[in-house]
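Q: Input target-v6.txt, format and content: compact mmCIF, C-alpha atoms.
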# COMPACT_ATOMS: atom_id res chain seq x y z
CA MET A 9 11.16 19.80 -42.68
CA GLU A 10 7.50 20.47 -43.46
CA GLU A 11 7.22 17.18 -45.33
CA ARG A 12 8.68 15.36 -42.32
CA GLU A 13 6.11 16.98 -40.02
CA LYS A 14 3.32 15.98 -42.43
CA ASP A 15 4.58 12.39 -42.46
CA LEU A 16 4.66 12.31 -38.65
CA GLY A 17 1.14 13.74 -38.50
CA PHE A 18 -0.07 11.15 -41.00
CA GLU A 19 1.51 8.32 -38.98
CA PHE A 20 -0.13 9.63 -35.82
CA GLU A 21 -3.55 9.76 -37.48
CA GLU A 22 -3.06 6.22 -38.77
CA LYS A 23 -2.35 5.03 -35.23
CA ILE A 24 -5.43 6.87 -33.94
CA TYR A 25 -7.68 5.24 -36.51
CA ALA A 26 -6.30 1.81 -35.60
CA LEU A 27 -7.31 2.14 -31.94
CA THR A 28 -10.46 0.60 -30.51
CA TYR A 29 -13.30 2.68 -29.11
CA TRP A 30 -12.25 2.18 -25.47
CA GLN A 31 -8.62 3.00 -26.31
CA LEU A 32 -9.77 6.26 -27.89
CA VAL A 33 -11.89 6.99 -24.80
CA TRP A 34 -8.88 6.50 -22.49
CA LEU A 35 -6.64 8.59 -24.78
CA LYS A 36 -9.06 11.51 -24.65
CA PHE A 37 -9.85 11.07 -20.96
CA LYS A 38 -6.24 11.23 -19.78
CA ARG A 39 -5.81 14.59 -21.51
CA ASN A 40 -8.35 16.08 -19.12
CA LYS A 41 -6.23 16.96 -16.07
CA MET A 42 -9.18 17.93 -13.87
CA ALA A 43 -10.89 14.59 -14.53
CA LEU A 44 -7.68 12.74 -13.69
CA PHE A 45 -7.33 14.79 -10.51
CA GLY A 46 -10.91 13.97 -9.51
CA GLY A 47 -10.33 10.29 -10.21
CA VAL A 48 -7.16 10.20 -8.10
CA VAL A 49 -8.87 11.97 -5.18
CA LEU A 50 -11.76 9.49 -5.29
CA LEU A 51 -9.39 6.52 -5.43
CA ILE A 52 -7.61 7.83 -2.33
CA PHE A 53 -10.91 8.42 -0.51
CA TYR A 54 -12.31 5.00 -1.34
CA PHE A 55 -9.07 3.24 -0.45
CA CYS A 56 -8.64 5.07 2.87
CA MET A 57 -12.28 5.29 3.97
CA VAL A 58 -14.03 2.30 2.43
CA ILE A 59 -11.37 -0.42 2.22
CA LEU A 60 -9.04 0.34 5.16
CA PRO A 61 -10.60 2.94 7.48
CA GLU A 62 -9.48 1.09 10.62
CA PHE A 63 -5.84 1.33 9.54
CA PHE A 64 -5.88 5.00 8.52
CA ALA A 65 -7.95 6.22 11.49
CA PRO A 66 -5.74 6.92 14.53
CA TYR A 67 -8.43 5.71 16.94
CA TYR A 68 -11.41 3.39 16.99
CA LEU A 69 -14.78 4.91 16.07
CA GLU A 70 -16.17 4.99 19.62
CA HIS A 71 -12.91 5.63 21.52
CA ILE A 72 -13.84 8.27 24.13
CA PHE A 73 -11.38 10.69 25.76
CA LEU A 74 -13.25 11.98 28.81
CA GLU A 75 -10.56 14.57 29.56
CA HIS A 76 -10.68 15.98 26.02
CA ILE A 77 -14.35 16.70 25.34
CA ASN A 78 -14.70 19.33 22.59
CA ALA A 79 -10.92 19.66 22.40
CA PRO A 80 -9.65 21.84 19.51
CA PRO A 81 -7.36 20.46 16.77
CA GLN A 82 -3.75 19.92 17.79
CA LYS A 83 -1.15 21.61 15.59
CA ILE A 84 1.63 19.50 14.09
CA ARG A 85 4.96 21.18 14.80
CA PHE A 86 8.62 20.79 13.94
CA VAL A 87 9.92 23.68 16.07
CA ASP A 88 9.28 23.76 19.81
CA SER A 89 8.74 26.80 22.05
CA ASN A 90 12.50 27.12 22.61
CA GLY A 91 13.19 27.39 18.89
CA LYS A 92 14.70 23.91 18.65
CA PHE A 93 14.03 22.07 15.37
CA HIS A 94 12.87 18.44 15.54
CA LEU A 95 13.26 16.03 12.63
CA ARG A 96 10.21 14.11 13.82
CA PRO A 97 6.92 16.06 13.90
CA PHE A 98 5.18 16.36 17.24
CA VAL A 99 2.18 17.82 19.02
CA TYR A 100 1.98 19.46 22.43
CA LYS A 101 -0.07 17.99 25.23
CA LEU A 102 -3.52 19.56 25.63
CA SER A 103 -4.43 20.59 29.17
CA GLY A 104 -8.07 21.35 29.97
CA GLY A 105 -9.45 23.93 32.37
CA ILE A 106 -12.42 26.21 33.08
CA ASP A 107 -12.45 29.81 31.89
CA PRO A 108 -13.34 31.92 34.99
CA ASN A 109 -15.13 34.53 32.87
CA THR A 110 -17.30 32.36 30.62
CA PHE A 111 -17.23 29.14 32.69
CA ARG A 112 -16.51 27.27 29.48
CA ARG A 113 -14.08 24.42 29.22
CA VAL A 114 -10.92 25.57 27.43
CA PHE A 115 -7.73 23.84 26.38
CA ILE A 116 -4.20 25.18 26.28
CA GLU A 117 -1.01 23.63 24.94
CA ASP A 118 1.43 22.39 27.58
CA ASN A 119 4.84 23.34 26.14
CA SER A 120 6.63 21.14 28.66
CA THR A 121 5.21 17.90 27.20
CA ILE A 122 5.55 16.88 23.57
CA TYR A 123 4.18 13.80 21.86
CA PRO A 124 6.27 12.71 18.83
CA ILE A 125 4.26 11.38 15.87
CA TYR A 126 5.19 7.92 14.65
CA PHE A 127 4.08 5.86 11.67
CA PHE A 128 2.73 2.31 11.96
CA VAL A 129 2.03 2.51 15.68
CA ARG A 130 0.06 0.16 17.89
CA GLY A 131 -3.28 1.37 19.16
CA ASP A 132 -6.91 0.23 19.30
CA SER A 133 -7.48 -3.34 18.11
CA TYR A 134 -9.56 -4.06 15.02
CA LYS A 135 -10.11 -6.76 12.42
CA LEU A 136 -8.40 -6.10 9.11
CA PHE A 137 -10.90 -6.82 6.31
CA GLY A 138 -13.04 -8.33 9.07
CA LEU A 139 -10.73 -11.33 9.26
CA PHE A 140 -7.37 -10.64 10.91
CA GLN A 141 -7.02 -9.20 14.40
CA THR A 142 -4.43 -6.41 14.56
CA ASN A 143 -3.77 -3.06 16.21
CA ILE A 144 -1.47 -1.33 13.69
CA HIS A 145 -2.50 2.21 12.66
CA LEU A 146 -0.91 4.45 10.04
CA PHE A 147 0.15 7.12 12.53
CA GLY A 148 -0.16 8.01 16.18
CA THR A 149 1.76 8.95 19.29
CA VAL A 150 3.35 7.09 22.16
CA GLN A 151 1.07 5.39 24.67
CA GLY A 152 -0.58 7.99 26.86
CA GLY A 153 -0.32 10.72 24.22
CA THR A 154 -3.09 12.10 22.04
CA ILE A 155 -3.26 13.36 18.48
CA PHE A 156 -6.45 15.16 17.45
CA LEU A 157 -5.75 16.67 14.03
CA PHE A 158 -9.40 17.72 13.66
CA GLY A 159 -10.25 18.02 17.36
CA THR A 160 -12.87 16.01 19.26
CA ASP A 161 -16.67 16.07 19.50
CA ARG A 162 -18.96 16.65 22.48
CA GLN A 163 -18.39 13.11 23.70
CA GLY A 164 -14.60 13.27 23.43
CA ARG A 165 -14.26 11.18 20.25
CA ASP A 166 -11.57 11.95 17.67
CA LEU A 167 -13.23 13.75 14.76
CA LEU A 168 -10.71 12.64 12.11
CA SER A 169 -11.33 8.99 12.97
CA ARG A 170 -15.09 9.51 12.81
CA ILE A 171 -14.81 11.25 9.43
CA ILE A 172 -12.79 8.33 8.04
CA TYR A 173 -15.25 5.76 9.39
CA GLY A 174 -18.21 7.90 8.29
CA GLY A 175 -16.81 8.04 4.77
CA ARG A 176 -17.38 4.29 4.47
CA ILE A 177 -21.15 4.82 4.74
CA SER A 178 -21.41 8.08 2.79
CA LEU A 179 -19.26 6.88 -0.11
CA THR A 180 -20.72 3.38 -0.42
CA ILE A 181 -24.32 4.58 -0.24
CA GLY A 182 -23.61 6.55 -3.41
CA LEU A 183 -22.21 3.50 -5.23
CA VAL A 184 -24.91 1.09 -4.08
CA GLY A 185 -27.69 3.60 -4.72
CA VAL A 186 -26.47 4.47 -8.21
CA PHE A 187 -25.97 0.78 -9.03
CA LEU A 188 -29.63 0.09 -8.23
CA SER A 189 -30.75 3.25 -10.05
CA MET A 190 -28.62 2.29 -13.05
CA ILE A 191 -30.31 -1.13 -13.28
CA LEU A 192 -33.81 0.36 -12.94
CA GLY A 193 -33.18 3.36 -15.17
CA SER A 194 -31.36 1.58 -18.00
CA THR A 195 -33.75 -1.40 -18.09
CA LEU A 196 -36.96 0.65 -17.98
CA GLY A 197 -35.49 3.28 -20.32
CA ILE A 198 -34.63 0.66 -22.95
CA ILE A 199 -38.05 -0.97 -22.64
CA SER A 200 -39.80 2.40 -22.82
CA GLY A 201 -37.91 3.55 -25.90
CA TYR A 202 -38.04 0.25 -27.77
CA TYR A 203 -41.69 -0.72 -27.32
CA GLY A 204 -43.29 2.73 -27.14
CA GLY A 205 -47.07 2.95 -27.04
CA VAL A 206 -48.86 2.03 -23.82
CA VAL A 207 -45.68 0.72 -22.14
CA ASP A 208 -43.88 3.97 -22.87
CA ASN A 209 -46.79 6.05 -21.53
CA ILE A 210 -47.00 4.08 -18.28
CA ILE A 211 -43.26 4.33 -17.58
CA GLN A 212 -43.13 8.04 -18.43
CA ARG A 213 -46.12 8.80 -16.18
CA ILE A 214 -44.42 6.96 -13.30
CA ILE A 215 -41.28 9.07 -13.85
CA GLU A 216 -43.31 12.27 -13.92
CA PHE A 217 -45.10 11.22 -10.73
CA LEU A 218 -41.80 10.64 -8.90
CA THR A 219 -40.19 13.85 -10.13
CA ALA A 220 -43.26 15.97 -9.30
CA PHE A 221 -42.58 15.84 -5.55
CA PRO A 222 -40.04 18.14 -3.91
CA ALA A 223 -36.96 16.06 -3.11
CA ILE A 224 -36.34 16.82 0.58
CA PRO A 225 -39.99 16.55 1.76
CA LEU A 226 -40.31 13.27 -0.14
CA TRP A 227 -37.09 11.94 1.46
CA MET A 228 -38.37 13.02 4.88
CA ALA A 229 -41.72 11.28 4.37
CA LEU A 230 -40.17 8.02 3.17
CA ALA A 231 -37.46 8.02 5.84
CA ALA A 232 -40.03 8.76 8.56
CA ALA A 233 -42.05 5.77 7.38
CA LEU A 234 -39.21 3.42 8.39
CA PRO A 235 -39.94 1.45 11.59
CA GLN A 236 -38.20 2.96 14.59
CA ASP A 237 -37.11 -0.44 15.91
CA TRP A 238 -35.08 -1.27 12.81
CA SER A 239 -31.36 -1.80 13.24
CA SER A 240 -28.82 0.58 11.74
CA ILE A 241 -28.01 -1.91 8.98
CA LYS A 242 -31.66 -2.22 7.95
CA SER A 243 -32.06 1.56 7.97
CA TYR A 244 -28.92 1.93 5.87
CA PHE A 245 -30.19 -0.40 3.15
CA ALA A 246 -33.68 1.06 3.33
CA ILE A 247 -32.35 4.58 2.74
CA THR A 248 -30.22 3.28 -0.13
CA ILE A 249 -33.29 1.73 -1.75
CA ILE A 250 -35.32 4.91 -1.16
CA LEU A 251 -32.69 7.05 -2.89
CA SER A 252 -32.48 4.53 -5.75
CA ILE A 253 -36.25 4.47 -6.29
CA ILE A 254 -36.34 8.26 -6.46
CA GLY A 255 -33.25 8.70 -8.62
CA TRP A 256 -33.74 6.38 -11.61
CA GLY A 257 -36.12 8.58 -13.60
CA GLY A 258 -33.56 10.93 -15.15
CA LEU A 259 -31.41 8.08 -16.47
CA ALA A 260 -34.47 6.25 -17.84
CA ARG A 261 -35.54 9.30 -19.83
CA GLN A 262 -32.10 9.83 -21.32
CA ILE A 263 -31.74 6.16 -22.26
CA ARG A 264 -35.21 6.26 -23.81
CA GLY A 265 -34.17 9.16 -26.02
CA LYS A 266 -31.10 7.29 -27.26
CA ILE A 267 -33.09 4.10 -27.90
CA LEU A 268 -35.65 6.05 -29.95
CA SER A 269 -32.83 7.09 -32.30
CA LEU A 270 -31.11 3.68 -32.33
CA ARG A 271 -34.07 1.35 -32.82
CA GLU A 272 -34.42 2.31 -36.49
CA GLU A 273 -30.74 1.77 -37.31
CA GLU A 274 -29.87 -0.75 -40.00
CA TYR A 275 -28.16 -3.23 -37.67
CA ILE A 276 -31.34 -3.40 -35.53
CA LEU A 277 -33.47 -4.01 -38.63
CA SER A 278 -31.00 -6.71 -39.72
CA ALA A 279 -31.22 -8.38 -36.31
CA ARG A 280 -35.02 -8.49 -36.63
CA ILE A 281 -34.83 -9.92 -40.14
CA ILE A 282 -32.52 -12.78 -39.18
CA GLY A 283 -34.88 -13.73 -36.35
CA CYS A 284 -33.22 -12.40 -33.19
CA ASN A 285 -35.62 -12.35 -30.26
CA GLU A 286 -36.45 -9.03 -28.63
CA ARG A 287 -34.51 -9.73 -25.43
CA LYS A 288 -31.34 -10.28 -27.45
CA ILE A 289 -31.95 -7.11 -29.45
CA LEU A 290 -32.52 -5.11 -26.27
CA PHE A 291 -29.58 -6.32 -24.20
CA THR A 292 -27.08 -7.42 -26.88
CA HIS A 293 -27.45 -4.73 -29.52
CA LEU A 294 -29.07 -1.69 -27.92
CA LEU A 295 -27.70 -1.71 -24.36
CA PRO A 296 -23.97 -1.80 -25.33
CA ASN A 297 -24.50 1.28 -27.50
CA CYS A 298 -25.82 3.13 -24.45
CA LEU A 299 -23.14 1.84 -22.08
CA SER A 300 -20.81 4.85 -22.29
CA HIS A 301 -23.75 7.19 -21.67
CA ILE A 302 -24.91 5.11 -18.70
CA ILE A 303 -21.41 5.23 -17.15
CA VAL A 304 -21.28 9.01 -17.48
CA ILE A 305 -24.75 9.54 -16.01
CA ALA A 306 -24.00 7.15 -13.16
CA THR A 307 -20.80 9.02 -12.32
CA LEU A 308 -22.64 12.32 -12.23
CA ALA A 309 -25.49 10.81 -10.16
CA ILE A 310 -23.32 9.53 -7.30
CA PRO A 311 -22.83 13.04 -5.78
CA GLY A 312 -26.61 13.42 -5.69
CA MET A 313 -26.92 10.18 -3.75
CA ILE A 314 -24.22 11.25 -1.31
CA LEU A 315 -25.87 14.64 -0.79
CA GLY A 316 -29.24 12.91 -0.35
CA GLU A 317 -27.93 10.69 2.44
CA THR A 318 -26.11 13.64 4.02
CA SER A 319 -29.28 15.74 3.97
CA LEU A 320 -31.40 12.98 5.51
CA SER A 321 -28.85 12.23 8.23
CA PHE A 322 -28.37 15.95 8.90
CA LEU A 323 -32.12 16.25 9.50
CA GLY A 324 -32.02 13.23 11.81
CA LEU A 325 -34.02 11.03 9.41
CA GLY A 326 -31.22 9.05 7.78
CA ILE A 327 -28.41 6.98 9.24
CA LYS A 328 -28.64 6.86 13.01
CA PRO A 329 -25.99 6.27 15.69
CA PRO A 330 -24.12 4.06 16.44
CA MET A 331 -23.54 4.02 12.67
CA THR A 332 -21.66 7.09 11.46
CA SER A 333 -21.78 9.02 8.21
CA TRP A 334 -20.82 12.53 7.23
CA GLY A 335 -24.45 13.55 7.61
CA VAL A 336 -24.57 12.13 11.16
CA LEU A 337 -21.44 14.13 12.03
CA LEU A 338 -22.98 17.32 10.65
CA ASN A 339 -26.15 16.65 12.63
CA GLU A 340 -24.11 17.34 15.77
CA CYS A 341 -23.47 20.96 14.75
CA GLN A 342 -26.96 22.05 13.70
CA ASN A 343 -27.19 25.04 16.03
CA VAL A 344 -25.25 28.29 15.94
CA ARG A 345 -23.84 27.71 19.41
CA SER A 346 -22.00 24.58 18.28
CA VAL A 347 -20.59 26.34 15.22
CA VAL A 348 -19.38 29.32 17.29
CA GLN A 349 -17.88 27.38 20.17
CA THR A 350 -16.61 24.30 18.29
CA PRO A 351 -16.16 25.36 14.64
CA TRP A 352 -14.02 22.29 13.86
CA LEU A 353 -17.19 20.15 13.96
CA ILE A 354 -18.14 21.45 10.49
CA ILE A 355 -14.96 20.00 8.93
CA PRO A 356 -16.97 17.06 7.44
CA VAL A 357 -18.54 19.63 5.08
CA ALA A 358 -15.14 19.97 3.38
CA PHE A 359 -15.04 16.23 2.66
CA VAL A 360 -18.56 16.32 1.20
CA ILE A 361 -17.60 19.26 -1.05
CA ILE A 362 -14.33 17.65 -2.19
CA THR A 363 -16.09 14.37 -2.97
CA VAL A 364 -18.90 16.02 -4.92
CA LEU A 365 -16.48 18.21 -6.90
CA SER A 366 -14.25 15.21 -7.66
CA PHE A 367 -17.19 13.20 -8.97
CA ASN A 368 -18.28 16.17 -11.10
CA PHE A 369 -14.77 16.57 -12.56
CA LEU A 370 -14.62 12.83 -13.26
CA GLY A 371 -18.10 12.81 -14.77
CA ASP A 372 -17.35 15.77 -17.04
CA GLY A 373 -14.17 14.07 -18.23
CA LEU A 374 -16.00 10.81 -18.92
CA ARG A 375 -18.77 12.67 -20.73
CA ASP A 376 -16.27 14.30 -23.09
CA ALA A 377 -14.27 11.09 -23.52
CA ALA A 378 -17.39 9.06 -24.28
CA ASP A 379 -17.50 10.78 -27.67
CA PRO A 380 -13.83 10.49 -28.72
CA TYR A 381 -14.46 11.41 -32.32
CA THR A 382 -15.27 15.05 -31.53
CA ARG A 383 -12.55 17.59 -30.81
Once you've parsed the file, please lay out its structure as structure tokens.
A:
Amino acid sequence: MEEREKDLGFEFEEKIYALTYWQLVWLKFKRNKMALFGGVVLLIFYFCMVILPEFFAPYYLEHIFLEHINAPPQKIRFVDSNGKFHLRPFVYKLSGGIDPNTFRRVFIEDNSTIYPIYFFVRGDSYKLFGLFQTNIHLFGTVQGGTIFLFGTDRQGRDLLSRIIYGGRISLTIGLVGVFLSMILGSTLGIISGYYGGVVDNIIQRIIEFLTAFPAIPLWMALAAALPQDWSSIKSYFAITIILSIIGWGGLARQIRGKILSLREEEYILSARIIGCNERKILFTHLLPNCLSHIIVIATLAIPGMILGETSLSFLGLGIKPPMTSWGVLLNECQNVRSVVQTPWLIIPVAFVIITVLSFNFLGDGLRDAADPYTR
């Protein structure tokens, strides 16, 4: 029995040694359940909020319900007030009124009117992928009914729909910003580590200059420098570039450290001897050996970009209406009065936290998997 187990273990080790580097990385990565969980959550978020937000949002971004301003979330029910069970979930109609004591607008559920929830319903029109005109939404109620799972804002707009649409900006600004930072950081880090000397000193002093400033005041200064007459699209790309310019220094320093240890390896010396030019050595021999590290750092840097945009928009210096991001939504509940009277407006914070945690779980898993030969 013991010999059989030894043989099986030997066969398993043989198979492991026969795998390529990327196969070993995937084998180790999929053992990390938290990293897989984070990856699945991010795939769902990007699919629902970046690729098809119009389909998953029950209403259009700027759809206003004048009779439901600051309406609380509607509860999904299966049992009505008479104790009768319904196979199809439903919500009660919300009726608004004025509280005679506080003179505040309040909403109560009208038990006499129910709105069944259906899947693949017709609602606000939109262009699927910007090409095909349609009005199919994942879920909704019959015409004339409302479904506010996260309530509405001070203008009567569905908060869930605005969170889904806002995710398109907040999630893509992280990807675009990190992509630019990755190009700047990896290129300058390789050049700094390979050439050394004056080039290295100049690049390192630039990094130290950028990292010497406090992050939020620097963001505020750069964002305030943007022309006020710029469109939302221009502001969006400008903020992305600002975050990229600020965020490349850490990656450049880490890549520089790896290049310092790799540039004296035998295969680099061999490439020099056979006459390879420096560009080929940099981007054919050195860069691929840093690729796994770059992927890990990029994954861990995306949450910082998302939080940067959220902070700027929260302070009113980032994305501006009519464009919507999670930071813009949080900007609407800056004061204590909004939080006390309409606490559902801080729900976007939960999406920011879940996204940041998911990226951290994924980044930690990739960091461990990037070195598959350690246990």
Q: What's the 12 Å shell around Gly104 of chain A, counting all atoms listed in the file, without same-chain residues fewer than 2 positions away, as JSON, numbers by chain?
A: {"A": [73, 74, 75, 76, 77, 78, 79, 80, 101, 102, 106, 107, 112, 113, 114, 115, 116, 117, 118]}
Q: Name the residues in contact with Pro329 of chain A at a cut-off of 12 Å, using only C-alpha atoms, excluding same-chain residues fewer than 5 positions from it; report them as a list in words.
A: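 Contacts, with the query itself left out: Leu69, Glu70, Arg170, Gly174, Ser239, Ser240, Ile241, Ser243, Tyr244, Ser321, Gly324, Trp334, Gly335, Val336, Leu337, Asn339 and Glu340 of chain A.
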Q: Which of these, A:Lys135, A:Val87, A:Phe45, A:Trp352, has the shortest distance to Asn368 of chain A once you count all atoms listed in the file?
A: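 Residue with the minimum atom-to-atom distance to Asn368 of chain A: A:Phe45.
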Q: When you draw a straight line from atom CA of Ile327 of chain A to atom CA of Ile303 of chain A, how long is it in Å?
A: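 Spanning atom CA of Ile327 of chain A to atom CA of Ile303 of chain A is a straight-line distance of 27.4 Å.
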Q: What separation in Å, quoted to one decimal, exists between atom CA of Arg345 of chain A and atom CA of Ile171 of chain A?
A: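 Pair atom CA of Arg345 of chain A / atom CA of Ile171 of chain A returns 21.3 Å.
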Q: Restricting the calculation to all atoms listed in the file, which member of A:Leu167, A:Ile155, A:Ile59, A:Leu251 is positioned closest to Gly138 of chain A?
A: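 The shortest atom-to-atom distance to Gly138 of chain A comes from A:Ile59.
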Q: To one decimal place, how far is atom CA of Ile289 of chain A from atom CA of Ile215 of chain A in Å?
A: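 One can read the atom CA of Ile289 of chain A to atom CA of Ile215 of chain A distance as 24.3 Å.
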Q: Rank nothing, just name the residue among A:Tyr202, A:Ser346, A:Ile310, A:Gly182 nearest to His293 of chain A, using all atoms listed in the file.
A: A:Tyr202
Q: May I have the residues within 10 Å of Leu268 of chain A as a ChimeraX atom specification, using all atoms listed in the file and disregarding those fewer than 5 positions away in the same chain?
A: /A:198,200-204,263,273
